[in-house]
file protein-v8.cif (mmCIF, C-alpha atoms)
data_structure
#
loop_
_atom_site.label_atom_id
_atom_site.label_comp_id
_atom_site.auth_asym_id
_atom_site.auth_seq_id
_atom_site.Cartn_x
_atom_site.Cartn_y
_atom_site.Cartn_z
CA MET A 1 -11.25 10.72 26.46
CA GLU A 2 -9.92 7.29 27.32
CA ASP A 3 -6.88 6.16 25.43
CA SER A 4 -8.31 3.53 23.05
CA PHE A 5 -5.18 1.42 23.35
CA THR A 6 -5.48 1.04 27.10
CA PHE A 7 -8.53 -1.19 26.82
CA ALA A 8 -6.31 -4.19 27.53
CA GLU A 9 -5.93 -3.19 31.16
CA HIS A 10 -9.61 -4.04 31.48
CA SER A 11 -9.75 -7.24 29.46
CA TYR A 12 -9.32 -8.79 26.01
CA LEU A 13 -11.65 -11.45 24.63
CA HIS A 14 -9.52 -14.34 23.36
CA LYS A 15 -10.66 -16.79 20.72
CA ASN A 16 -11.36 -19.36 23.42
CA ASN A 17 -14.00 -16.93 24.78
CA ARG A 18 -12.28 -16.58 28.14
CA ARG A 19 -11.51 -13.10 29.38
CA ARG A 20 -8.04 -12.41 30.64
CA ASN A 21 -7.31 -9.35 32.77
CA PHE A 22 -4.10 -7.36 32.55
CA THR A 23 -2.43 -4.94 34.88
CA PRO A 24 -1.90 -1.32 33.80
CA LYS A 25 1.88 -1.88 33.69
CA GLU A 26 1.72 -4.66 31.13
CA LYS A 27 -1.01 -4.52 28.54
CA LEU A 28 -1.30 -7.08 25.81
CA LEU A 29 -2.72 -6.29 22.41
CA SER A 30 -3.47 -9.47 20.51
CA LEU A 31 -4.45 -9.61 16.89
CA GLU A 32 -5.97 -12.81 15.51
CA THR A 33 -5.10 -13.05 11.84
CA ASP A 34 -6.86 -15.15 9.21
CA ASN A 35 -4.32 -17.94 9.57
CA SER A 36 -4.81 -18.01 13.36
CA THR A 37 -1.33 -16.64 13.94
CA THR A 38 -1.28 -14.34 16.94
CA ARG A 39 0.81 -11.21 16.94
CA ARG A 40 1.38 -9.68 20.33
CA LEU A 41 2.45 -6.17 21.16
CA ILE A 42 3.52 -5.41 24.73
CA GLN A 43 2.88 -2.01 26.25
CA LYS A 44 4.71 -1.30 29.52
CA GLY A 45 3.71 1.67 31.62
CA ASN A 46 3.17 4.68 29.40
CA GLU A 47 5.75 3.61 26.79
CA THR A 48 4.32 1.74 23.82
CA ASP A 49 6.13 0.01 20.98
CA HIS A 50 5.67 2.10 17.82
CA ARG A 51 4.01 -0.85 16.06
CA SER A 52 0.94 -0.50 18.27
CA HIS A 53 0.16 2.87 16.69
CA ARG A 54 -0.06 4.60 20.04
CA ARG A 55 -2.85 7.07 20.42
CA ARG A 56 -0.49 9.83 21.48
CA LYS A 57 0.19 10.14 17.73
CA VAL A 58 -3.52 10.39 17.00
CA LYS A 59 -2.90 13.21 14.49
CA LYS A 60 -1.53 10.61 12.07
CA TYR A 61 -4.73 8.56 12.13
CA ASN A 62 -8.41 9.33 11.60
CA ARG A 63 -11.51 7.80 10.01
CA GLY A 64 -9.86 8.29 6.64
CA ARG A 65 -6.58 6.69 7.70
CA VAL A 66 -7.12 3.77 10.04
CA PRO A 67 -4.06 2.10 11.67
CA ALA A 68 -3.10 -1.08 9.83
CA ILE A 69 -3.45 -3.22 12.95
CA ILE A 70 -7.10 -2.19 13.28
CA SER A 71 -7.90 -2.67 9.58
CA THR A 72 -6.42 -6.17 9.64
CA GLU A 73 -8.34 -7.09 12.78
CA ILE A 74 -11.63 -5.98 11.22
CA GLY A 75 -10.80 -7.73 7.95
CA TYR A 76 -11.45 -6.83 4.31
CA HIS A 77 -13.87 -9.59 3.36
CA ASP A 78 -16.86 -7.22 3.09
CA CYS A 79 -15.09 -4.57 1.01
CA ASP A 80 -15.71 -3.70 -2.63
CA TYR A 81 -12.73 -1.34 -2.82
CA ILE A 82 -9.58 -1.41 -0.69
CA SER A 83 -7.09 1.44 -0.65
CA GLU A 84 -3.91 0.79 1.32
CA GLU A 85 -0.27 1.87 1.38
CA ARG A 86 1.35 -1.41 2.43
CA PRO A 87 4.26 -3.63 1.35
CA TRP A 88 3.33 -5.59 -1.78
CA GLY A 89 2.91 -8.84 0.16
CA PHE A 90 -0.29 -7.41 1.66
CA TRP A 91 -2.04 -7.73 -1.71
CA GLN A 92 -0.75 -11.24 -2.27
CA ASN A 93 -2.01 -12.35 1.15
CA LEU A 94 -5.34 -10.65 0.55
CA THR A 95 -6.28 -13.21 -2.07
CA GLU A 96 -6.73 -15.73 0.77
CA SER A 97 -9.73 -13.71 1.97
CA PHE A 98 -11.36 -13.68 -1.47
CA VAL A 99 -11.26 -17.30 -2.60
CA ASN A 100 -13.00 -17.69 -5.98
CA ILE A 101 -13.60 -13.91 -6.13
CA PRO A 102 -11.37 -12.23 -8.73
CA ILE A 103 -9.30 -9.31 -7.48
CA GLU A 104 -8.25 -6.43 -9.72
CA LEU A 105 -5.33 -4.35 -8.48
CA HIS A 106 -5.28 -0.76 -9.72
CA VAL A 107 -1.79 0.77 -9.65
CA PRO A 108 -1.47 4.57 -9.95
CA CYS A 109 1.52 5.26 -12.19
CA ARG A 110 3.56 8.41 -11.74
CA ASP A 111 6.08 9.98 -14.04
CA PRO A 112 9.34 8.52 -12.65
CA ILE A 113 11.31 11.79 -12.53
CA ASP A 114 8.46 13.80 -11.03
CA HIS A 115 7.89 11.03 -8.50
CA LEU A 116 11.58 10.99 -7.57
CA MET A 117 11.62 14.75 -7.05
CA SER A 118 8.51 14.44 -4.88
CA GLN A 119 10.25 11.82 -2.75
CA CYS A 120 13.37 14.01 -2.45
CA ASN A 121 11.14 16.85 -1.29
CA ASN A 122 9.36 14.62 1.20
CA SER A 123 12.67 13.52 2.74
CA GLY A 124 14.05 17.07 2.77
CA ARG A 125 16.82 16.28 0.27
CA GLN A 126 18.06 18.35 -2.65
CA PHE A 127 18.91 16.11 -5.61
CA ASN A 128 22.51 16.66 -6.74
CA CYS A 129 22.66 16.57 -10.54
CA SER A 130 26.48 16.75 -10.41
CA SER A 131 26.86 13.59 -8.35
CA ILE A 132 29.41 11.09 -9.69
CA ASP A 133 27.17 8.29 -8.45
CA LEU A 134 23.67 8.94 -9.78
CA LEU A 135 22.42 5.55 -8.59
CA ALA A 136 23.33 6.31 -4.99
CA GLU A 137 21.94 9.84 -5.34
CA THR A 138 18.68 8.43 -6.69
CA LYS A 139 18.36 5.77 -4.00
CA SER A 140 18.95 8.38 -1.30
CA CYS A 141 15.55 9.88 -2.13
CA LEU A 142 13.53 6.71 -2.74
CA SER A 143 11.12 5.54 -0.08
CA ALA A 144 8.46 2.83 0.30
CA MET A 145 9.54 1.10 -2.90
CA ASN A 146 8.42 -2.19 -1.36
CA ARG A 147 4.80 -1.39 -2.16
CA PHE A 148 5.01 -3.02 -5.58
CA ASN A 149 6.76 -6.12 -6.86
CA ASN A 150 6.45 -7.86 -10.21
CA THR A 151 5.53 -11.03 -8.32
CA LEU A 152 2.02 -9.55 -8.12
CA LEU A 153 1.70 -10.06 -11.86
CA THR A 154 1.70 -13.82 -11.34
CA VAL A 155 -0.57 -14.06 -8.28
CA GLU A 156 -3.46 -16.45 -8.88
CA ASN A 157 -6.91 -14.87 -8.88
CA MET A 158 -5.47 -11.35 -9.30
CA SER A 159 -5.13 -9.11 -12.35
CA VAL A 160 -3.02 -5.96 -12.22
CA LYS A 161 -4.12 -2.80 -14.03
CA CYS A 162 -2.75 0.73 -14.12
CA TYR A 163 -3.80 4.32 -14.62
CA ALA A 164 -2.02 7.67 -14.85
CA TYR A 165 -1.61 9.21 -11.42
CA GLU A 166 -2.41 12.72 -12.62
CA LEU A 167 -5.88 11.48 -13.66
CA GLN A 168 -6.61 9.99 -10.25
CA PHE A 169 -9.26 12.52 -9.21
CA THR A 170 -10.73 13.12 -12.65
CA ASP A 171 -10.86 10.34 -15.24
CA TYR A 172 -10.14 7.53 -12.79
CA MET A 173 -12.80 8.80 -10.40
CA ASN A 174 -15.30 8.82 -13.26
CA TYR A 175 -14.23 5.28 -14.19
CA ILE A 176 -14.52 3.74 -10.73
CA THR A 177 -17.55 5.59 -9.31
CA PRO A 178 -20.28 3.65 -11.22
CA LYS A 179 -18.70 0.37 -10.09
CA LEU A 180 -19.05 1.09 -6.37
CA GLN A 181 -21.98 1.39 -4.01
CA LEU A 182 -22.53 4.95 -2.85
CA LYS A 183 -22.39 5.77 0.84
CA ARG A 184 -25.80 6.28 2.42
CA ILE A 185 -24.69 9.64 3.77
CA GLN A 186 -22.59 11.68 1.36
CA SER A 187 -20.03 14.25 2.44
CA ASP A 188 -17.69 16.69 0.72
CA TYR A 189 -14.18 15.45 0.03
CA ALA A 190 -11.47 17.26 1.97
CA HIS A 191 -8.02 16.87 0.43
CA ARG A 192 -5.13 16.41 2.88
CA ASP A 193 -1.64 17.02 1.53
CA SER A 194 0.92 14.43 2.60
CA ASN A 195 3.94 16.32 1.31
CA LEU A 196 5.25 19.87 1.64
CA PRO A 197 4.90 22.19 -1.38
CA ARG A 198 7.69 21.73 -3.92
CA ASN A 199 9.77 24.47 -5.51
CA ARG A 200 10.24 23.03 -8.98
CA ALA A 201 12.56 25.90 -9.92
CA LYS A 202 15.12 24.58 -7.44
CA GLU A 203 15.05 21.06 -8.91
CA CYS A 204 18.13 20.97 -11.15
CA ILE A 205 17.12 17.83 -13.02
CA TRP A 206 14.61 19.62 -15.27
CA GLU A 207 17.45 21.64 -16.79
CA GLU A 208 19.85 18.70 -17.07
CA THR A 209 18.45 16.62 -19.94
CA GLN A 210 21.23 14.03 -20.00
CA THR A 211 21.10 13.55 -16.24
CA MET A 212 17.34 13.20 -16.42
CA GLU A 213 17.59 10.46 -19.05
CA LYS A 214 20.23 8.58 -17.07
CA VAL A 215 18.16 8.75 -13.89
CA LYS A 216 15.05 7.62 -15.76
CA GLU A 217 16.94 4.60 -17.07
CA LEU A 218 17.99 3.74 -13.51
CA LEU A 219 14.43 4.06 -12.23
CA THR A 220 12.92 1.88 -14.95
CA THR A 221 15.06 -1.04 -13.78
CA MET A 222 12.92 -1.07 -10.62
CA ASP A 223 9.72 -3.11 -10.56
CA TYR A 224 7.22 -0.29 -10.03
CA TYR A 225 8.59 2.00 -12.74
CA SER A 226 9.22 -0.81 -15.22
CA PHE A 227 5.65 -2.07 -14.76
CA CYS A 228 4.22 1.41 -15.28
CA ASP A 229 6.42 2.02 -18.31
CA ALA A 230 5.01 -1.10 -19.96
CA CYS A 231 1.43 -0.72 -18.72
CA ILE A 232 0.50 2.89 -19.45
CA GLY A 233 -1.06 3.04 -22.90
CA SER A 234 -1.50 -0.74 -23.09
CA SER A 235 -4.66 -2.84 -22.85
CA ASP A 236 -4.13 -2.98 -19.08
CA ASP A 237 -4.38 0.82 -18.77
CA LEU A 238 -7.82 1.41 -17.29
CA LEU A 239 -8.23 4.80 -18.92
CA VAL A 240 -7.24 3.94 -22.49
#

call {"tool": "encode", "arguments": {"input": "protein-v8.cif", "output": "structure tokens"}}
result
Amino acid sequence: MEDSFTFAEHSYLHKNNRRRNFTPKEKLLSLETDNSTTRRLIQKGNETDHRSHRRRKVKKYNRGRVPAIISTEIGYHDCDYISEERPWGFWQNLTESFVNIPIELHVPCRDPIDHLMSQCNNSGRQFNCSSIDLLAETKSCLSAMNRFNNTLLTVENMSVKCYAYELQFTDYMNYITPKLQLKRIQSDYAHRDSNLPRNRAKECIWEETQTMEKVKELLTTMDYYSFCDACIGSSDDLLV
């Protein structure tokens, strides 16, 4: 099977409709964004910059998880529902594609301590409940906290809602299903775990009540957890 990211050695159709040919040793991937800004990724020989989502790591991507560079190139203007794990600015910029069409952002809210332990597990760390610096210990496990920012609460043409993460495949699924168009061809859902199994018995924090409360206070100073703390159970909770 041909490497799908070597198409540039044949040609790439530029916006001026002229084809430009490239040599196998220097392949140019060009992405035209909505604001006509061109991002270029250079691939030399067989070594590709990681941002081009090289096909050699094809196991990370499939029809259910499309590389961001491809999704952006295709665009989201014909979508009813968009599910992405991107920095929060992605959602702010998305409003430019939906002028005069209201956007509702649904944020899955996790229990902060359980979420922290999940992140520790994902990074292969064991949370130290005896640490003299609980803030540093907490931050050592956190990852991808740039996916939410309270700035989203003030974005024009966007409303931000929440729902309890543990209800994602039950109550939330029942809530959202009638609002979306069904696929013409239905298929069974196959769950793919993105984290290794956790051994909750080895997580000291569940036995250390004072430590747990201190860590929870630290977490709720961060935008995502503070938003969820205020949103769950409020009028913006989709499942209330």

call {"tool": "atom_distance", "arguments": {"input": "protein-v8.cif", "atom1": "CA of Gly75 in chain A", "atom2": "CA of Ala144 in chain A"}}
result
23.3 Å

call {"tool": "closest_residue", "arguments": {"input": "protein-v8.cif", "among": "A:Met117, A:Cys204, A:Ile74, A:Leu238", "to": "Ser140 in chain A", "atoms": "only C-alpha atoms"}}
result
A:Met117

call {"tool": "closest_residue", "arguments": {"input": "protein-v8.cif", "among": "A:Asp223, A:Phe127, A:Tyr163, A:Thr170", "to": "Lys139 in chain A", "atoms": "all atoms listed in the file"}}
result
A:Phe127

call {"tool": "atom_distance", "arguments": {"input": "protein-v8.cif", "atom1": "CA of Ala136 in chain A", "atom2": "CA of Gln119 in chain A"}}
result
14.4 Å

call {"tool": "resolve_selection", "arguments": {"input": "protein-v8.cif", "expression": "the PyMOL selection byres ((chain A and resi 236) around 12)", "output": "list of chain:residue names"}}
result
A:Glu104, A:Leu105, A:His106, A:Val107, A:Leu153, A:Ser159, A:Val160, A:Lys161, A:Cys162, A:Tyr163, A:Ala164, A:Phe227, A:Cys228, A:Asp229, A:Ala230, A:Cys231, A:Ile232, A:Gly233, A:Ser234, A:Ser235, A:Asp237, A:Leu238, A:Leu239, A:Val240

call {"tool": "closest_residue", "arguments": {"input": "protein-v8.cif", "among": "A:Asn157, A:Asn62, A:Ser71, A:Asn122", "to": "Thr95 in chain A", "atoms": "only C-alpha atoms"}}
result
A:Asn157

call {"tool": "atom_distance", "arguments": {"input": "protein-v8.cif", "atom1": "CA of Leu94 in chain A", "atom2": "CA of Ile82 in chain A"}}
result
10.2 Å

call {"tool": "closest_residue", "arguments": {"input": "protein-v8.cif", "among": "A:Ile205, A:Asn146, A:Asn199, A:Arg86", "to": "Ile69 in chain A", "atoms": "all atoms listed in the file"}}
result
A:Arg86

call {"tool": "closest_residue", "arguments": {"input": "protein-v8.cif", "among": "A:Met158, A:Met145, A:Leu167, A:Ile101", "to": "Asp78 in chain A", "atoms": "only C-alpha atoms"}}
result
A:Ile101

call {"tool": "closest_residue", "arguments": {"input": "protein-v8.cif", "among": "A:Asn150, A:Thr220, A:Asp80, A:Val66", "to": "Pro102 in chain A", "atoms": "all atoms listed in the file"}}
result
A:Asp80
